[in-house]
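A short write-up of the structure that comes next.
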Amino acid sequence: MIARTLVSALALIMSLGGAASARAGEAPATVSKRAAESAEVHAADLVSRMTLEEKAAQIQHGAPAIPRLGVPAYNWWNEGLHGVARADIATVFPQVIGMAATWDPELVQRVADTVATEFRAKYVSTRGADGSSVQYRGLTVWSPNINIFRDPRWGRGQETWGEDPYLTGRFGVAYIRGLQGDDPAQPKTIAAVKHYAVHSGPEATRHSDDIHPSAHDVTDTYLPAFYAAVTEARPQALMCAYNAIDGVPACASEDYLQRRLRTDWGFEGHVVSDCAAVADIYLPTSHATVKTPEEAVALAIKAGTDLICDFRFNATFRPETTVWAVEQGLLTEAELDRALVRLFTARYRLGTMDLAASGPHARIGSGDFDTPEHRALALETARKSLVLLKNDGLLPLAQAPRRIAVIGPNADTVDALVGNYNGTPSSPSTILDGLRARFPQAEVIHVEGTGWVAPPLEDIPDAAFCRDAACVESGLSAEAFETGRTGRGLDHARRRQCHGPLGLA
């Protein structure tokens with residue numbers, strides 16, 4: 001596909017009067033879309049005009065402008081799991097695990113369409129005079145997260161649709177369709193489905209974990225949602241994971257990025273690394289698959305990773321690393337061009353290369369976020385996400401109570417409402433606020449319950465914990481279980497008990 005695109009692009013360029021030069025002194029070339037030509041041809045044409053140094057800089061998530069070619073700067077990093085995140089005021093929808101509880105893919109697709117509208121609004125409101133965009137206000141949305149949540153040690157399961165592969169696939173398809181819209185040639189935004197593959201914690205070891213799943217678990221658990229997303233919703237981007245699979249880092253796996261994703265499933269978009277995942281390929285504290293940054297970049301791009309998020313070398317972004325990889329013969333310029341054509345194809349389709357607003361989404365204005373209609377949809381989604389495990393007749397309350405005790409540190413905090421990767425609600429109402437508004441005649445008493453709610457937990461004094469009802473002994477008691485294998489291959493556990501002050505338990 002890419003080879004044919006490059007050939008077509010070269011033929012077009014020759015027919016227009018000769019191949020483009022990459023001389024530093026050449027006149028700026030127009031990069032606006034021409035009606036009769038495809039985004040892929042435009043992308044190949046543009047890439048052919050770039051120097052090696054310019055190409056290397058464009059595969060970083062913070063891609064700089066190329067003034068001589070009229071290319072605006074673009075930041076690919078945007079988060080939108082349940083609303084526009086980290087971009088000031090935006091409609092905050094229920095966290096993803098909450099939306100899964102609605103059992104309503106059609107509703108979720110409406111939510112994602114609204115999220116895409118708000119991304120367009122943020123993009124319009126912050127776009128520079130030269131067409132440049134800034135982080136968290138672009139049109140490439142790194143969502144949805146369709147990893148399977150079966151390990152509570154992950155700590156980020158709230159970003160997912162739960163533990164069921166089929167349900168996750170249905171919601172993933174719906175969310176992608178909502179973000180991108182109906183026209184792949186002019187998407188509303190581009191969805192980057194993540195994190196591919198076999199990724200779900202523990203979070204603390206994500207940069208070094210090497211997962212060895214059975215063939216059955218790969219087929220039955222980890223890939224069905226990705227397969228459904230790619231083959232049905234056709235996301236134009238995908239994010240590869242931190243972890244390794246069977247000894248190969250996910251962002252350097254030809255098996256997963258080439259054979260499965262592109263050959264078997266027909267994926268045609270671009271692949272972005274999780275942030276610092278390419279550095280993990282060489283870092284001795286991570287996978288240490290290769291020894292140098294240049295080898296890591298080459299391995300990732302050759303395997304099919306096109307865009308590098310947050311590649312760190314001496315704690316700074318170093319596009320020069322890619323230049324050195326080419327100069328050392330680790331990576332060909334043609335392989336680099338393949339990645340760049342995919343990236344600029346996406347930018348042309350989104351309209352980020354055109355200064356003039358045009359296309360089906362030009363009507364979206366800078367104020368089209370946090371609107372009354374959007375907030376109403378968030379409320380509808382929140383109501384449908386509620387799960388009442390058991391109601392013995394207490395609810396709804398027959399009459400307003402005279403006194404209500406609200407206990408706990410999360411009762412009066414916005415953080416407990418918005419989750420993570422979130423926007424800023426314009427009018428948040430905490431649990432305590434809501435109860436006081438619902439029962440204005442009642443006496444509502446709030447007790448935080450503990451003053452120690454933030455890490456580090458080591459700062460909590462031993463006297464704050466009691467090992468017996470009378471609090472004669474301070475500290476904690478802990479029981480640990482060590483798992484192993486018997487001669488017959490069955491799991492067994494050996495219990496150990498330890499007691500003492502908090503620092504020794």
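Identifiers for the structure tokens are assigned positionally: chains receive A, B, ... in sequence, residues are indexed from 1 per chain, and ligands are indexed from 1 in the order shown.
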
*asked:* Would you pick out the contacts of region 340-344 of chain A at 9 Å or less, using only C-alpha atoms, so that residues sharing its chain but fewer than 6 positions from it are not included, and give the list as a ChimeraX atom specification?
replied: /A:2,5-6,39-47,55,58-59,268-271,306-307,353

Take the residues from that selection and write them out as a CSV table (one decimal), in the first residue's frame, keeping N, CA and C atoms.
```csv
chain,number,residue,atom,x,y,z
A,2,ILE,N,1.8,1.3,1.0
A,2,ILE,CA,2.7,2.5,1.0
A,2,ILE,C,3.6,2.6,-0.2
A,5,THR,N,1.7,3.9,-2.9
A,5,THR,CA,1.5,5.3,-2.7
A,5,THR,C,2.7,6.2,-3.1
A,6,LEU,N,3.9,5.7,-2.7
A,6,LEU,CA,5.1,6.4,-3.0
A,6,LEU,C,5.4,6.5,-4.5
A,39,ALA,N,-5.0,12.3,0.2
A,39,ALA,CA,-4.1,12.6,1.3
A,39,ALA,C,-2.8,11.9,1.3
A,40,GLU,N,-2.8,10.6,0.9
A,40,GLU,CA,-1.6,9.8,0.8
A,40,GLU,C,-0.6,10.4,-0.2
A,41,VAL,N,-1.1,10.8,-1.3
A,41,VAL,CA,-0.2,11.4,-2.4
A,41,VAL,C,0.4,12.7,-1.9
A,42,HIS,N,-0.5,13.5,-1.2
A,42,HIS,CA,0.1,14.8,-0.7
A,42,HIS,C,1.1,14.5,0.4
A,43,ALA,N,0.9,13.5,1.2
A,43,ALA,CA,1.8,13.2,2.3
A,43,ALA,C,3.2,12.7,1.7
A,44,ALA,N,3.1,11.8,0.7
A,44,ALA,CA,4.3,11.4,0.0
A,44,ALA,C,5.1,12.5,-0.6
A,45,ASP,N,4.4,13.4,-1.3
A,45,ASP,CA,4.9,14.6,-1.9
A,45,ASP,C,5.7,15.4,-0.9
A,46,LEU,N,5.0,15.7,0.2
A,46,LEU,CA,5.6,16.5,1.2
A,46,LEU,C,6.8,15.9,1.8
A,47,VAL,N,6.7,14.6,2.2
A,47,VAL,CA,7.9,13.9,2.8
A,47,VAL,C,9.1,13.9,1.9
A,55,LYS,N,12.8,15.2,8.8
A,55,LYS,CA,12.0,13.9,9.0
A,55,LYS,C,12.1,13.4,10.4
A,58,GLN,N,9.9,15.0,12.9
A,58,GLN,CA,8.5,14.8,12.7
A,58,GLN,C,7.9,13.5,13.3
A,59,ILE,N,8.8,12.6,13.7
A,59,ILE,CA,8.3,11.4,14.3
A,59,ILE,C,8.2,11.5,15.8
A,268,GLU,N,-4.5,0.2,8.4
A,268,GLU,CA,-3.8,1.0,7.5
A,268,GLU,C,-3.4,2.4,8.2
A,269,GLY,N,-3.7,2.5,9.4
A,269,GLY,CA,-3.3,3.8,10.1
A,269,GLY,C,-1.9,3.8,10.6
A,270,HIS,N,-1.6,4.7,11.5
A,270,HIS,CA,-0.3,4.9,12.1
A,270,HIS,C,-0.3,4.3,13.5
A,271,VAL,N,0.9,3.9,13.9
A,271,VAL,CA,1.1,3.3,15.3
A,271,VAL,C,1.9,4.3,16.1
A,306,ASP,N,5.3,4.2,14.2
A,306,ASP,CA,5.5,5.3,13.3
A,306,ASP,C,5.8,6.6,14.0
A,307,LEU,N,5.3,6.7,15.3
A,307,LEU,CA,5.3,7.9,16.0
A,307,LEU,C,5.8,7.6,17.4
A,353,MET,N,-3.4,20.7,8.1
A,353,MET,CA,-2.4,21.3,7.2
A,353,MET,C,-3.0,22.5,6.5
```

_Within 12 Å of Arg383 (chain A) using only C-alpha atoms, minus same-chain residues under 5 positions, as a ChimeraX atom specification_ = /A:93-94,98-99,101-102,107,376-378,388

*Do you know which residues are at most 7 Å from Pro224 (chain A) counting only C-alpha atoms, after dropping those on the same chain fewer than 4 positions away, and could you put them as a PyMOL selection string?*
chain A and resi 165+169+219-220+228

*List every residue of region 177-368 of chain A that DSSP, applied to the backbone of this structure, places in strand (DSSP E or B), and write the result as an MDAnalysis selection string.*
chainID A and resid 190:196 210:211 237:240 244:245 248:249 270:273 307:308 312:313 316:317

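The residue that comes closest to Trp154 (chain A), out of A:Thr322, A:Asn410, A:Ser214, A:Thr205 and on the basis of only C-alpha atoms, is A:Thr205.
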
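CA of Leu261 (chain A) sits 25.6 Å away from CA of Ala100 (chain A).
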
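Among the candidate residues A:Ala121, A:Leu389, A:Ile211, A:Leu179, the one lying nearest to Arg137 (chain A) is A:Ala121, with distances computed using only C-alpha atoms.
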
*Any idea what's packed within 12 Å of Gln109 (chain A), counting only C-alpha atoms, ignoring anything in its chain fewer than 5 positions away? Could you give it as a PyMOL selection string?*
chain A and resi 82+99-100+103-104+114-116+144+170-182+233+377+381

Selected residues written out with N, CA and C atoms, as an mmCIF file, in the first residue's frame:
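Final output, saved to part-v7.cif:
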```cif
data_model
loop_
_atom_site.group_PDB
_atom_site.id
_atom_site.type_symbol
_atom_site.label_atom_id
_atom_site.label_comp_id
_atom_site.auth_asym_id
_atom_site.auth_seq_id
_atom_site.Cartn_x
_atom_site.Cartn_y
_atom_site.Cartn_z
ATOM 1 N N HIS A 82 -12.794 9.928 28.678
ATOM 2 C CA HIS A 82 -14.188 10.206 29.057
ATOM 3 C C HIS A 82 -14.445 11.713 29.029
ATOM 4 N N MET A 99 -19.213 4.061 32.364
ATOM 5 C CA MET A 99 -19.960 4.010 31.100
ATOM 6 C C MET A 99 -20.235 2.567 30.680
ATOM 7 N N ALA A 100 -19.306 1.664 31.011
ATOM 8 C CA ALA A 100 -19.533 0.251 30.683
ATOM 9 C C ALA A 100 -20.772 -0.279 31.385
ATOM 10 N N TRP A 103 -24.353 -0.482 29.682
ATOM 11 C CA TRP A 103 -24.679 -1.534 28.722
ATOM 12 C C TRP A 103 -25.309 -0.943 27.455
ATOM 13 N N ASP A 104 -24.854 0.237 27.062
ATOM 14 C CA ASP A 104 -25.521 0.973 25.990
ATOM 15 C C ASP A 104 -24.497 1.520 24.995
ATOM 16 N N THR A 114 -19.661 13.634 21.004
ATOM 17 C CA THR A 114 -19.625 14.898 21.733
ATOM 18 C C THR A 114 -18.203 15.244 22.159
ATOM 19 N N VAL A 115 -17.465 14.243 22.603
ATOM 20 C CA VAL A 115 -16.057 14.460 22.967
ATOM 21 C C VAL A 115 -15.277 14.964 21.758
ATOM 22 N N ALA A 116 -15.538 14.390 20.581
ATOM 23 C CA ALA A 116 -14.861 14.835 19.365
ATOM 24 C C ALA A 116 -15.202 16.282 19.035
ATOM 25 N N PRO A 144 -9.919 4.810 22.542
ATOM 26 C CA PRO A 144 -10.208 4.319 23.894
ATOM 27 C C PRO A 144 -9.169 3.308 24.376
ATOM 28 N N ARG A 170 -17.397 -4.286 22.044
ATOM 29 C CA ARG A 170 -18.590 -3.540 21.618
ATOM 30 C C ARG A 170 -18.453 -2.059 21.961
ATOM 31 N N PHE A 171 -17.990 -1.777 23.163
ATOM 32 C CA PHE A 171 -17.840 -0.381 23.564
ATOM 33 C C PHE A 171 -16.667 0.285 22.847
ATOM 34 N N GLY A 172 -15.594 -0.483 22.605
ATOM 35 C CA GLY A 172 -14.471 0.081 21.869
ATOM 36 C C GLY A 172 -14.872 0.497 20.469
ATOM 37 N N VAL A 173 -15.624 -0.352 19.783
ATOM 38 C CA VAL A 173 -16.111 -0.030 18.443
ATOM 39 C C VAL A 173 -16.981 1.224 18.485
ATOM 40 N N ALA A 174 -17.873 1.297 19.450
ATOM 41 C CA ALA A 174 -18.782 2.449 19.559
ATOM 42 C C ALA A 174 -18.013 3.739 19.804
ATOM 43 N N TYR A 175 -17.030 3.684 20.689
ATOM 44 C CA TYR A 175 -16.296 4.904 21.034
ATOM 45 C C TYR A 175 -15.459 5.391 19.853
ATOM 46 N N ILE A 176 -14.840 4.468 19.128
ATOM 47 C CA ILE A 176 -14.044 4.849 17.964
ATOM 48 C C ILE A 176 -14.931 5.479 16.893
ATOM 49 N N ARG A 177 -16.075 4.856 16.638
ATOM 50 C CA ARG A 177 -16.991 5.403 15.634
ATOM 51 C C ARG A 177 -17.460 6.802 16.025
ATOM 52 N N GLY A 178 -17.700 7.018 17.301
ATOM 53 C CA GLY A 178 -18.108 8.342 17.747
ATOM 54 C C GLY A 178 -17.012 9.380 17.573
ATOM 55 N N LEU A 179 -15.783 9.010 17.905
ATOM 56 C CA LEU A 179 -14.667 9.956 17.787
ATOM 57 C C LEU A 179 -14.372 10.305 16.331
ATOM 58 N N GLN A 180 -14.412 9.315 15.442
ATOM 59 C CA GLN A 180 -13.963 9.540 14.077
ATOM 60 C C GLN A 180 -15.072 9.982 13.124
ATOM 61 N N GLY A 181 -16.308 9.578 13.372
ATOM 62 C CA GLY A 181 -17.390 9.909 12.460
ATOM 63 C C GLY A 181 -17.509 8.914 11.323
ATOM 64 N N ASP A 182 -18.290 9.266 10.320
ATOM 65 C CA ASP A 182 -18.637 8.336 9.248
ATOM 66 C C ASP A 182 -17.722 8.408 8.028
ATOM 67 N N ALA A 233 -14.471 -0.849 13.384
ATOM 68 C CA ALA A 233 -14.517 0.606 13.528
ATOM 69 C C ALA A 233 -13.436 1.309 12.724
ATOM 70 N N LEU A 377 -26.159 15.428 28.368
ATOM 71 C CA LEU A 377 -25.758 14.084 27.965
ATOM 72 C C LEU A 377 -24.898 13.434 29.039
ATOM 73 N N THR A 381 -25.858 10.002 30.976
ATOM 74 C CA THR A 381 -24.921 8.878 31.037
ATOM 75 C C THR A 381 -24.631 8.488 32.478
#
```

12 Å contact set for Thr263 (chain A), only C-alpha atoms, chain neighbours under 6 positions out, as a CSV table (one decimal) with N, CA and C atoms, in the first residue's frame:
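Ended up saving to out.csv:
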```csv
chain,number,residue,atom,x,y,z
A,1,MET,N,0.8,-1.2,0.0
A,1,MET,CA,0.0,0.0,0.0
A,1,MET,C,0.9,1.3,0.0
A,231,THR,N,-11.1,-4.1,12.8
A,231,THR,CA,-11.8,-4.6,11.6
A,231,THR,C,-13.2,-4.0,11.5
A,254,GLU,N,7.3,-7.3,15.4
A,254,GLU,CA,6.8,-7.5,14.0
A,254,GLU,C,5.7,-8.5,14.0
A,255,ASP,N,5.7,-9.4,14.9
A,255,ASP,CA,4.5,-10.4,15.0
A,255,ASP,C,3.2,-9.6,15.2
A,256,TYR,N,3.2,-8.7,16.2
A,256,TYR,CA,2.0,-8.0,16.6
A,256,TYR,C,1.7,-6.8,15.7
A,257,LEU,N,2.7,-6.1,15.3
A,257,LEU,CA,2.5,-4.9,14.5
A,257,LEU,C,2.4,-5.1,13.0
A,304,GLY,N,7.2,-1.3,12.8
A,304,GLY,CA,5.9,-0.8,12.4
A,304,GLY,C,5.5,0.4,13.3
```

*asked:* Set the distance at 12 Å and use only C-alpha atoms: which residues neighbour region 428-440 of chain A once local chain neighbours fewer than 5 positions away are removed? I'd like the list as a ChimeraX atom specification.
replied: /A:89-93,375,397,399-418,423,445-448

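Considering only C-alpha atoms, the residue among A:Tyr166, A:Phe311, A:Trp76, A:Phe119 positioned nearest to Trp142 (chain A) is A:Trp76.
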